[in-house]
$ cat entry.tsv   # TSV, C-alpha atoms and all ligand atoms
chain	number	residue	atom	x	y	z
A	21	MET	CA	-12.40	26.00	-68.45
A	22	THR	CA	-9.91	28.86	-68.21
A	23	ALA	CA	-6.99	28.53	-65.82
A	24	LYS	CA	-7.09	30.54	-62.62
A	25	ILE	CA	-5.10	33.78	-63.06
A	26	ILE	CA	-3.37	34.86	-59.89
A	27	THR	CA	-1.91	38.35	-59.90
A	28	ILE	CA	0.86	39.17	-57.49
A	29	GLU	CA	-1.52	41.42	-55.54
A	30	ARG	CA	-4.03	38.60	-55.08
A	31	HIS	CA	-1.22	36.26	-54.04
A	32	PHE	CA	0.10	38.72	-51.42
A	33	LEU	CA	-3.40	39.11	-50.03
A	34	GLU	CA	-3.93	35.35	-49.88
A	35	GLN	CA	-0.55	34.91	-48.13
A	36	GLN	CA	-1.54	37.52	-45.57
A	37	ARG	CA	-3.84	35.00	-43.91
A	38	PHE	CA	-0.70	33.19	-42.67
A	39	PHE	CA	0.10	36.31	-40.66
A	40	PRO	CA	-3.07	37.16	-38.75
A	41	GLN	CA	-1.24	40.01	-36.96
A	42	ALA	CA	-0.24	41.61	-40.28
A	43	SER	CA	-1.98	44.90	-40.92
A	44	GLY	CA	-1.60	44.90	-44.67
A	45	GLU	CA	1.42	47.19	-44.39
A	46	PHE	CA	3.74	44.34	-45.25
A	47	THR	CA	1.61	43.31	-48.23
A	48	ASN	CA	1.67	46.88	-49.46
A	49	LEU	CA	5.44	47.07	-49.04
A	50	LEU	CA	5.83	44.03	-51.29
A	51	TYR	CA	3.47	45.60	-53.75
A	52	ASP	CA	5.51	48.85	-53.78
A	53	ILE	CA	8.60	46.79	-54.61
A	54	ALA	CA	6.75	45.01	-57.43
A	55	LEU	CA	5.73	48.40	-58.81
A	56	ALA	CA	9.32	49.70	-58.66
A	57	ALA	CA	10.36	46.51	-60.48
A	58	LYS	CA	7.91	47.21	-63.30
A	59	ILE	CA	9.31	50.71	-63.74
A	60	ILE	CA	12.90	49.43	-63.73
A	61	SER	CA	11.93	46.66	-66.16
A	62	ARG	CA	10.55	49.24	-68.57
A	63	GLU	CA	13.83	51.16	-68.55
A	64	VAL	CA	15.95	48.01	-68.82
A	65	ASN	CA	14.00	46.99	-71.91
A	66	LYS	CA	14.76	50.36	-73.51
A	67	ALA	CA	18.45	50.29	-72.60
A	68	GLY	CA	19.58	49.12	-76.04
A	69	LEU	CA	18.07	52.27	-77.49
A	70	ALA	CA	20.19	54.48	-75.25
A	71	GLY	CA	22.44	55.77	-78.00
A	72	ILE	CA	19.49	56.40	-80.31
A	73	LEU	CA	16.93	57.91	-77.98
A	74	GLY	CA	19.23	59.39	-75.37
A	75	LEU	CA	18.36	57.00	-72.56
A	76	ALA	CA	20.34	55.75	-69.60
A	77	GLY	CA	24.07	56.20	-69.72
A	78	ALA	CA	24.12	58.21	-72.96
A	79	GLU	CA	23.96	61.92	-73.70
A	80	ASN	CA	20.53	63.25	-74.57
A	81	ILE	CA	19.88	65.74	-77.32
A	82	GLN	CA	20.56	68.63	-74.97
A	83	GLY	CA	24.02	67.17	-74.46
A	84	GLU	CA	23.25	66.26	-70.84
A	85	GLN	CA	24.37	62.98	-69.35
A	86	VAL	CA	21.27	60.81	-68.84
A	87	MET	CA	20.99	58.80	-65.67
A	88	LYS	CA	22.70	55.41	-65.72
A	89	LEU	CA	20.41	52.47	-65.16
A	90	ASP	CA	21.86	51.49	-61.80
A	91	VAL	CA	21.35	55.05	-60.55
A	92	PHE	CA	17.86	55.07	-62.04
A	93	ALA	CA	16.98	51.74	-60.39
A	94	ASN	CA	18.36	52.95	-57.07
A	95	GLU	CA	16.38	56.19	-57.13
A	96	THR	CA	13.20	54.45	-58.25
A	97	ILE	CA	13.27	52.07	-55.28
A	98	ILE	CA	14.06	54.85	-52.82
A	99	ARG	CA	11.39	57.22	-54.16
A	100	MET	CA	8.80	54.47	-54.19
A	101	ASN	CA	9.41	53.62	-50.54
A	102	ASP	CA	10.61	56.65	-48.60
A	103	HIS	CA	7.23	58.31	-47.98
A	104	THR	CA	4.85	55.39	-47.39
A	105	GLY	CA	5.20	55.12	-43.62
A	106	ARG	CA	6.02	51.44	-43.91
A	107	LEU	CA	9.82	51.74	-43.55
A	108	CYS	CA	12.08	53.10	-40.83
A	109	ILE	CA	15.34	52.93	-42.79
A	110	MET	CA	16.88	51.63	-46.02
A	111	ALA	CA	20.31	50.66	-47.35
A	112	SER	CA	21.43	50.17	-50.92
A	113	GLU	CA	24.49	48.67	-52.52
A	114	GLU	CA	24.78	51.91	-54.47
A	115	ILE	CA	24.89	54.21	-51.43
A	116	ALA	CA	27.80	54.26	-48.99
A	117	ASP	CA	25.79	55.24	-45.90
A	118	ILE	CA	22.38	54.40	-44.46
A	119	ILE	CA	19.30	55.88	-46.19
A	120	PRO	CA	17.14	57.50	-43.51
A	121	ILE	CA	13.44	58.16	-44.05
A	122	PRO	CA	13.08	61.94	-44.57
A	123	GLU	CA	11.88	63.72	-41.42
A	124	GLN	CA	8.65	64.93	-43.05
A	125	TYR	CA	7.46	61.35	-43.59
A	126	PRO	CA	6.22	58.89	-40.95
A	127	CYS	CA	8.50	56.11	-39.76
A	128	GLY	CA	7.28	52.52	-40.17
A	129	LYS	CA	8.19	49.15	-38.71
A	130	TYR	CA	10.08	47.56	-41.60
A	131	VAL	CA	13.63	47.81	-42.94
A	132	LEU	CA	14.48	47.53	-46.65
A	133	VAL	CA	17.89	46.57	-48.02
A	134	PHE	CA	18.53	46.19	-51.75
A	135	ASP	CA	20.89	45.77	-54.68
A	136	PRO	CA	19.06	47.94	-57.23
A	137	LEU	CA	20.74	46.60	-60.36
A	138	ASP	CA	22.70	43.40	-60.08
A	139	GLY	CA	25.00	42.45	-62.96
A	140	SER	CA	24.95	46.01	-64.26
A	141	SER	CA	27.90	45.48	-66.61
A	142	ASN	CA	25.67	43.07	-68.57
A	143	ILE	CA	23.42	45.96	-69.63
A	144	ASP	CA	25.90	46.94	-72.34
A	145	VAL	CA	25.73	43.50	-73.96
A	146	ASN	CA	21.97	42.96	-73.71
A	147	ALA	CA	22.20	40.15	-71.14
A	148	SER	CA	20.05	39.64	-68.05
A	149	VAL	CA	20.30	41.87	-65.00
A	150	GLY	CA	18.38	41.84	-61.73
A	151	THR	CA	17.29	43.49	-58.48
A	152	ILE	CA	17.60	41.89	-55.03
A	153	PHE	CA	15.76	42.92	-51.86
A	154	SER	CA	15.61	41.95	-48.21
A	155	ILE	CA	13.09	42.97	-45.55
A	156	HIS	CA	13.63	42.99	-41.79
A	157	ARG	CA	11.61	44.26	-38.85
A	158	LYS	CA	12.69	47.36	-36.95
A	159	VAL	CA	14.50	46.27	-33.80
A	160	SER	CA	15.98	49.53	-32.51
A	161	ASP	CA	14.30	51.53	-29.74
A	162	GLY	CA	14.55	55.05	-31.15
A	163	PRO	CA	11.75	56.84	-32.98
A	164	ARG	CA	13.52	56.47	-36.36
A	165	GLY	CA	15.50	53.54	-37.77
A	166	SER	CA	19.24	53.16	-37.19
A	167	LEU	CA	22.23	51.10	-38.30
A	168	GLU	CA	21.23	48.44	-35.78
A	169	ASP	CA	18.10	47.73	-37.85
A	170	LEU	CA	20.22	47.13	-40.94
A	171	LEU	CA	22.90	44.94	-39.37
A	172	GLN	CA	20.68	41.93	-38.66
A	173	PRO	CA	21.58	38.33	-39.51
A	174	GLY	CA	19.83	36.70	-42.47
A	175	TYR	CA	17.69	34.35	-40.38
A	176	LYS	CA	15.80	37.38	-39.04
A	177	GLN	CA	14.55	38.40	-42.49
A	178	VAL	CA	10.77	38.49	-42.83
A	179	ALA	CA	10.91	38.40	-46.62
A	180	ALA	CA	13.37	38.49	-49.47
A	181	GLY	CA	13.20	38.33	-53.22
A	182	TYR	CA	14.66	39.23	-56.55
A	183	ILE	CA	13.57	40.39	-59.95
A	184	VAL	CA	15.31	39.05	-63.03
A	185	TYR	CA	15.07	41.18	-66.15
A	186	GLY	CA	15.63	38.38	-68.64
A	187	SER	CA	13.83	37.15	-71.72
A	188	SER	CA	10.81	37.85	-69.51
A	189	THR	CA	10.80	39.85	-66.30
A	190	MET	CA	10.18	37.65	-63.28
A	191	MET	CA	9.78	38.40	-59.59
A	192	VAL	CA	10.57	35.60	-57.15
A	193	TYR	CA	9.99	36.09	-53.44
A	194	SER	CA	9.46	34.38	-50.14
A	195	SER	CA	7.91	35.61	-46.93
A	196	GLY	CA	8.68	32.37	-45.15
A	197	GLN	CA	5.87	30.33	-46.75
A	198	GLY	CA	7.73	28.83	-49.69
A	199	VAL	CA	9.14	30.50	-52.77
A	200	HIS	CA	6.86	31.82	-55.50
A	201	GLY	CA	7.67	33.16	-58.95
A	202	PHE	CA	5.67	35.63	-61.05
A	203	THR	CA	6.16	36.54	-64.69
A	204	LEU	CA	5.42	40.06	-65.85
A	205	ASP	CA	2.82	40.17	-68.60
A	206	PRO	CA	3.86	43.41	-70.28
A	207	THR	CA	0.59	43.71	-72.17
A	208	VAL	CA	-1.39	44.15	-68.96
A	209	GLY	CA	1.44	45.35	-66.74
A	210	GLU	CA	0.84	42.68	-64.08
A	211	PHE	CA	3.02	40.04	-62.49
A	212	LEU	CA	1.15	36.73	-62.80
A	213	LEU	CA	1.87	33.63	-60.73
A	214	SER	CA	3.81	31.28	-63.01
A	215	HIS	CA	6.01	29.27	-60.60
A	216	PRO	CA	4.15	28.43	-57.37
A	217	ASP	CA	6.09	26.79	-54.54
A	218	ILE	CA	9.50	26.46	-56.19
A	219	GLN	CA	11.69	23.61	-54.88
A	220	ILE	CA	15.36	23.35	-55.80
A	221	PRO	CA	16.51	19.80	-56.69
A	222	PRO	CA	18.62	18.29	-53.88
A	223	ARG	CA	21.49	17.84	-56.29
A	224	GLY	CA	22.06	19.75	-59.49
A	225	LYS	CA	23.71	19.46	-62.83
A	226	TYR	CA	25.16	22.96	-63.19
A	227	TYR	CA	28.03	24.79	-61.51
A	228	SER	CA	28.38	28.53	-61.91
A	229	VAL	CA	31.63	30.26	-61.01
A	230	ASN	CA	34.09	32.68	-62.59
A	231	GLU	CA	36.71	30.07	-63.39
A	232	GLY	CA	39.09	32.76	-64.60
A	233	ASN	CA	39.91	33.17	-60.91
A	234	TYR	CA	40.91	29.49	-60.50
A	235	HIS	CA	44.55	30.19	-59.66
A	236	TYR	CA	43.57	32.71	-56.99
A	237	TRP	CA	41.27	30.36	-55.04
A	238	GLY	CA	42.16	28.28	-52.03
A	239	GLU	CA	43.04	24.63	-52.56
A	240	GLY	CA	39.65	23.34	-51.37
A	241	VAL	CA	37.70	25.31	-53.99
A	242	ARG	CA	40.16	24.35	-56.75
A	243	ARG	CA	39.85	20.67	-55.87
A	244	TYR	CA	36.05	20.90	-55.64
A	245	VAL	CA	35.77	22.44	-59.12
A	246	ASP	CA	38.21	19.81	-60.48
A	247	TYR	CA	35.97	17.17	-58.89
A	248	LEU	CA	32.84	18.58	-60.59
A	249	LYS	CA	34.56	18.26	-63.95
A	250	THR	CA	35.91	14.75	-63.39
A	251	PRO	CA	33.71	12.12	-65.07
A	252	ASP	CA	32.14	9.61	-62.72
A	253	PRO	CA	31.23	6.36	-64.50
A	254	SER	CA	28.49	5.48	-62.00
A	255	ILE	CA	25.53	7.36	-63.45
A	256	MET	CA	22.82	8.14	-60.89
A	257	LEU	CA	19.22	8.32	-61.93
A	258	ARG	CA	16.87	10.70	-60.18
A	259	ALA	CA	13.29	10.99	-61.41
A	260	GLY	CA	14.34	9.20	-64.59
A	261	GLU	CA	17.05	11.77	-65.35
A	262	ALA	CA	20.77	10.96	-65.35
A	263	ILE	CA	22.69	13.15	-62.93
A	264	GLY	CA	26.30	12.97	-61.99
A	265	ARG	CA	29.70	14.22	-63.06
A	266	PRO	CA	30.87	16.00	-65.05
A	267	TYR	CA	28.58	18.91	-64.20
A	268	SER	CA	27.84	21.45	-66.90
A	269	SER	CA	29.29	24.92	-66.48
A	270	ARG	CA	27.00	27.96	-66.79
A	271	TYR	CA	28.05	31.49	-65.83
A	272	MET	CA	26.36	34.73	-66.86
A	273	GLY	CA	28.10	37.12	-64.48
A	274	THR	CA	24.76	38.29	-63.11
A	275	LEU	CA	24.26	36.64	-59.74
A	276	VAL	CA	20.46	36.91	-59.97
A	277	ALA	CA	20.33	35.20	-63.37
A	278	ASP	CA	22.82	32.48	-62.41
A	279	PHE	CA	21.01	31.87	-59.13
A	280	HIS	CA	17.61	31.80	-60.83
A	281	ARG	CA	18.65	29.13	-63.32
A	282	ASN	CA	20.16	26.96	-60.60
A	283	LEU	CA	17.12	27.43	-58.37
A	284	LEU	CA	14.85	26.06	-61.08
A	285	ALA	CA	17.17	23.46	-62.65
A	286	GLY	CA	19.45	22.54	-59.73
A	287	GLY	CA	23.11	23.35	-59.21
A	288	ILE	CA	25.56	25.47	-57.30
A	289	PHE	CA	26.65	29.09	-57.69
A	290	MET	CA	29.97	30.05	-56.14
A	291	TYR	CA	31.81	33.30	-55.59
A	292	PRO	CA	34.68	32.09	-53.40
A	293	ALA	CA	37.27	34.18	-51.63
A	294	ASP	CA	40.31	34.76	-53.83
A	295	SER	CA	43.74	36.34	-53.57
A	296	LYS	CA	43.40	38.43	-56.72
A	297	ASP	CA	42.76	41.76	-55.04
A	298	PRO	CA	44.17	42.18	-51.53
A	299	ARG	CA	41.46	44.77	-50.78
A	300	LYS	CA	38.81	42.06	-51.28
A	301	PRO	CA	40.01	39.01	-49.35
A	302	ARG	CA	36.43	37.73	-48.89
A	303	GLY	CA	35.31	37.56	-52.49
A	304	LYS	CA	33.20	40.11	-54.26
A	305	LEU	CA	29.61	39.68	-53.18
A	306	ARG	CA	27.93	41.57	-50.36
A	307	LEU	CA	26.38	39.87	-47.37
A	308	LEU	CA	23.43	42.22	-46.92
A	309	TYR	CA	22.44	43.01	-50.51
A	310	GLU	CA	23.22	39.73	-52.26
A	311	ALA	CA	24.13	36.71	-50.12
A	312	ALA	CA	21.61	36.95	-47.25
A	313	PRO	CA	18.46	37.57	-49.32
A	314	LEU	CA	19.27	34.76	-51.76
A	315	ALA	CA	20.14	32.51	-48.81
A	316	PHE	CA	16.66	33.12	-47.38
A	317	ILE	CA	15.10	32.15	-50.69
A	318	VAL	CA	17.23	29.08	-51.32
A	319	GLU	CA	16.54	27.72	-47.83
A	320	GLN	CA	12.83	28.24	-48.34
A	321	ALA	CA	13.17	26.22	-51.56
A	322	GLY	CA	15.00	23.37	-49.79
A	323	GLY	CA	18.54	24.39	-50.73
A	324	ARG	CA	21.50	25.81	-48.80
A	325	ALA	CA	23.80	28.82	-48.69
A	326	SER	CA	27.21	28.78	-47.03
A	327	ASP	CA	30.39	30.86	-46.90
A	328	GLY	CA	32.29	27.57	-47.09
A	329	THR	CA	32.30	26.92	-43.36
A	330	GLN	CA	29.03	28.30	-41.95
A	331	ASP	CA	25.49	29.10	-43.04
A	332	ILE	CA	25.13	32.57	-44.57
A	333	MET	CA	21.89	33.03	-42.62
A	334	HIS	CA	23.73	32.94	-39.29
A	335	ILE	CA	26.43	35.50	-40.04
A	336	GLN	CA	26.07	38.61	-37.91
A	337	PRO	CA	26.92	41.57	-40.18
A	338	ALA	CA	29.48	44.02	-38.82
A	339	SER	CA	29.22	46.65	-41.54
A	340	LEU	CA	26.82	47.64	-44.30
A	341	HIS	CA	28.91	46.70	-47.31
A	342	GLN	CA	30.76	43.69	-45.96
A	343	ARG	CA	31.65	40.98	-48.45
A	344	VAL	CA	31.32	37.26	-48.00
A	345	PRO	CA	32.33	34.13	-49.96
A	346	LEU	CA	29.19	32.49	-51.31
A	347	PHE	CA	28.32	28.86	-52.11
A	348	ILE	CA	24.60	28.61	-52.81
A	349	GLY	CA	22.18	26.20	-54.44
A	350	SER	CA	21.26	22.52	-54.21
A	351	ARG	CA	21.90	21.25	-50.70
A	352	GLU	CA	24.04	18.22	-51.58
A	353	ASP	CA	26.25	20.33	-53.82
A	354	VAL	CA	26.79	23.02	-51.18
A	355	GLY	CA	27.54	20.28	-48.65
A	356	LYS	CA	30.16	18.79	-50.97
A	357	ALA	CA	31.83	22.18	-51.48
A	358	GLU	CA	32.03	22.55	-47.67
A	359	GLU	CA	33.62	19.09	-47.41
A	360	PHE	CA	36.41	20.06	-49.79
A	361	ILE	CA	36.96	23.41	-48.09
A	362	GLY	CA	36.94	21.73	-44.68
A	363	GLU	CA	39.58	19.24	-45.80
A	364	PHE	CA	41.86	21.41	-47.93
A	365	GLY	CA	41.10	24.98	-46.85
B	1	LIG	P1	26.73	44.31	-59.24
B	1	LIG	O1	26.46	44.58	-60.70
B	1	LIG	O2	25.53	44.53	-58.37
B	1	LIG	O3	27.95	45.01	-58.73
B	1	LIG	O4	27.02	42.75	-59.07
B	1	LIG	C1	27.86	42.07	-59.95
B	1	LIG	C2	28.24	40.77	-59.32
B	1	LIG	C3	27.27	39.64	-59.52
B	1	LIG	O5	26.06	39.93	-60.13
B	1	LIG	C4	28.04	38.65	-60.34
B	1	LIG	O6	27.74	37.35	-59.94
B	1	LIG	C5	29.46	39.02	-60.12
B	1	LIG	O7	29.46	40.38	-59.86
B	1	LIG	C6	30.34	38.72	-61.29
B	1	LIG	O8	31.64	39.03	-60.96
B	1	LIG	P2	32.87	38.59	-61.88
B	1	LIG	O9	32.82	39.46	-63.09
B	1	LIG	O10	34.07	38.85	-61.01
B	1	LIG	O11	32.70	37.12	-62.18
B	2	MN	MN	25.07	42.78	-57.31
B	3	MN	MN	24.40	46.33	-58.07

$ encode --input "entry.tsv" --output "structure tokens" --more "lines below"
Ligand code: AHG
Ligand code: MN
Ligand code: MN
Amino acid sequence: MTAKIITIERHFLEQQRFFPQASGEFTNLLYDIALAAKIISREVNKAGLAGILGLAGAENIQGEQVMKLDVFANETIIRMNDHTGRLCIMASEEIADIIPIPEQYPCGKYVLVFDPLDGSSNIDVNASVGTIFSIHRKVSDGPRGSLEDLLQPGYKQVAAGYIVYGSSTMMVYSSGQGVHGFTLDPTVGEFLLSHPDIQIPPRGKYYSVNEGNYHYWGEGVRRYVDYLKTPDPSIMLRAGEAIGRPYSSRYMGTLVADFHRNLLAGGIFMYPADSKDPRKPRGKLRLLYEAAPLAFIVEQAGGRASDGTQDIMHIQPASLHQRVPLFIGSREDVGKAEEFIGEFG
């Protein structure tokens, strides 16, 4: 007997039955994002040929500068979504201001926020990059979307997801009914369900943080990371596997890839606040484009996301590009990080 093959389209349609009021618009919006992801994936795969073929970031044979991949990814997502009538407004990590829907196109009831290419510096060294997206409902009264629609707390998301362009391209998403992962089969150009109902282990074995910043962190974070590295002789067994300290360190420098590994294998990703750059007192990562969507996913998978003192999902954004410290992953690990921060600051 052959295994059941579930394409992402079939999965979206099957999920739609959980939302009897849904008109199919939402399903189509997810499908538009999956299509944009396939186009970005194609370009990411060719990136190493840039110097040879004149692709992203290089000069082409006419001597013109070819679009960089983060600009390409950004424009692909915007062009794929601005005319469909499903969205009322967008915002991107790459664009300083809001992205209105052009006047000639109808305005829809959803809001799309995205980080088009996460970990973009890894492109040059052939390591994984990603895309992150977050979907809200329109809440403003006007005929078109406004900033109010974009500045919503994470718990109001209706869906969120990411695409990791790794050794395979995968799309992982949740619309509030668990977390599901799809692997792109490049030979047929379809995302196929490969990881149904992902659950993050309650405690992990990995910690992911840029430890080069150690001396710029607060005392709580420093002590927590010291704790993760300190051997604990009492080995715990969970499902037959030894877990405990020291944790193993894994850090790619692409949030999506680090998060994805920890989601599947268990662990904690941290980007704490640091005193390295006085212009960025709240760490590096962005609440709307990075922290909130991944928080939605991790909670759906049984994990947690915190800024060290409160849940990411409950933070009311004040501005589009606001940054936030992030501790995300297995729930016991995030809880432990909060304990240290609570005690030592
Ligand atoms: P982006 O490429 O979208 O700007 O994001 C990069 C982020 C994130 O992916 C990663 O976790 C972090 O930057 C790494 O920062 P450091 O180099 O400071 O560790
Ligand atoms: Mn990013
Ligand atoms: Mn980015």

$ residues_near_ligand --input "entry.tsv" --ligand "ligand MN 2 (chain B)" --cutoff "9 Å" --atoms "only C-alpha atoms and all ligand atoms" --output "PDB file with C-alpha atoms, in the frame of the given file"
ATOM      1  CA  GLU A 113      24.490  48.670 -52.520  1.00  0.00           C
ATOM      2  CA  ASP A 135      20.890  45.770 -54.680  1.00  0.00           C
ATOM      3  CA  PRO A 136      19.060  47.940 -57.230  1.00  0.00           C
ATOM      4  CA  LEU A 137      20.740  46.600 -60.360  1.00  0.00           C
ATOM      5  CA  ASP A 138      22.700  43.400 -60.080  1.00  0.00           C
ATOM      6  CA  GLY A 139      25.000  42.450 -62.960  1.00  0.00           C
ATOM      7  CA  SER A 140      24.950  46.010 -64.260  1.00  0.00           C
ATOM      8  CA  GLY A 150      18.380  41.840 -61.730  1.00  0.00           C
ATOM      9  CA  THR A 151      17.290  43.490 -58.480  1.00  0.00           C
ATOM     10  CA  ILE A 152      17.600  41.890 -55.030  1.00  0.00           C
ATOM     11  CA  THR A 274      24.760  38.290 -63.110  1.00  0.00           C
ATOM     12  CA  LEU A 275      24.260  36.640 -59.740  1.00  0.00           C
ATOM     13  CA  VAL A 276      20.460  36.910 -59.970  1.00  0.00           C
ATOM     14  CA  LEU A 305      29.610  39.680 -53.180  1.00  0.00           C
ATOM     15  CA  ARG A 306      27.930  41.570 -50.360  1.00  0.00           C
ATOM     16  CA  TYR A 309      22.440  43.010 -50.510  1.00  0.00           C
ATOM     17  CA  GLU A 310      23.220  39.730 -52.260  1.00  0.00           C
TER      18      GLU A 310
END

$ residues_around --input "entry.tsv" --residues "stretch 115-125 of chain A" --least-positions-apart "5" --cutoff "6 Å" --atoms "only C-alpha atoms" --output "number ranges by chain"
A: 102-103, 109-110

$ write_last_selection --input "entry.tsv" --atoms "C-alpha atoms" --output "PDB file, in the coordinates of the input"
ATOM      1  CA  ASP A 102      10.610  56.650 -48.600  1.00  0.00           C
ATOM      2  CA  HIS A 103       7.230  58.310 -47.980  1.00  0.00           C
ATOM      3  CA  ILE A 109      15.340  52.930 -42.790  1.00  0.00           C
ATOM      4  CA  MET A 110      16.880  51.630 -46.020  1.00  0.00           C
TER       5      MET A 110
END

$ residues_around --input "entry.tsv" --residues "stretch 207-212 of chain A" --least-positions-apart "2" --cutoff "9 Å" --atoms "only C-alpha atoms" --output "list in words"
Ile25, Ile26, Thr27, Ile28, Glu29, Ala54, Lys58, Thr189, Met190, Met191, Gly201, Phe202, Thr203, Leu204, Asp205 and Ser214 of chain A

$ residues_around --input "entry.tsv" --residues "A:Phe153" --least-positions-apart "6" --cutoff "7 Å" --atoms "all atoms listed in the file" --output "MDAnalysis selection string"
chainID A and resid 133:135 180:182 309 313

$ write_last_selection --input "entry.tsv" --atoms "C-alpha atoms" --output "mmCIF file, in the coordinates of the input"
data_model
loop_
_atom_site.group_PDB
_atom_site.id
_atom_site.type_symbol
_atom_site.label_atom_id
_atom_site.label_comp_id
_atom_site.auth_asym_id
_atom_site.auth_seq_id
_atom_site.Cartn_x
_atom_site.Cartn_y
_atom_site.Cartn_z
ATOM 1 C CA VAL A 133 17.890 46.570 -48.020
ATOM 2 C CA PHE A 134 18.530 46.190 -51.750
ATOM 3 C CA ASP A 135 20.890 45.770 -54.680
ATOM 4 C CA ALA A 180 13.370 38.490 -49.470
ATOM 5 C CA GLY A 181 13.200 38.330 -53.220
ATOM 6 C CA TYR A 182 14.660 39.230 -56.550
ATOM 7 C CA TYR A 309 22.440 43.010 -50.510
ATOM 8 C CA PRO A 313 18.460 37.570 -49.320
#

$ closest_residue --input "entry.tsv" --among "A:Gly68, A:Pro292, A:Pro251, A:Gly198" --to "ligand LIG 1 (chain B)" --atoms "all atoms listed in the file"
A:Pro292

$ atom_distance --input "entry.tsv" --atom1 "atom CA of A:Ser228" --atom2 "atom CA of A:Tyr271"
4.9 Å

$ atom_distance --input "entry.tsv" --atom1 "atom CA of A:Phe360" --atom2 "atom CA of A:Arg242"
9.0 Å

$ closest_residue --input "entry.tsv" --among "A:His156, A:Arg106, A:His235, A:Lys296" --to "ligand LIG 1 (chain B)" --atoms "all atoms listed in the file"
A:Lys296

$ residues_around --input "entry.tsv" --residues "A:Gly287" --least-positions-apart "4" --cutoff "12 Å" --atoms "all atoms listed in the file" --output "ChimeraX atom specification"
/A:220-229,248,263-265,267-271,278-283,318,323-325,347-357

$ closest_residue --input "entry.tsv" --among "A:Arg299, A:Lys249, A:His334, A:Lys304" --to "ligand MN 3 (chain B)" --atoms "only C-alpha atoms and all ligand atoms"
A:Lys304
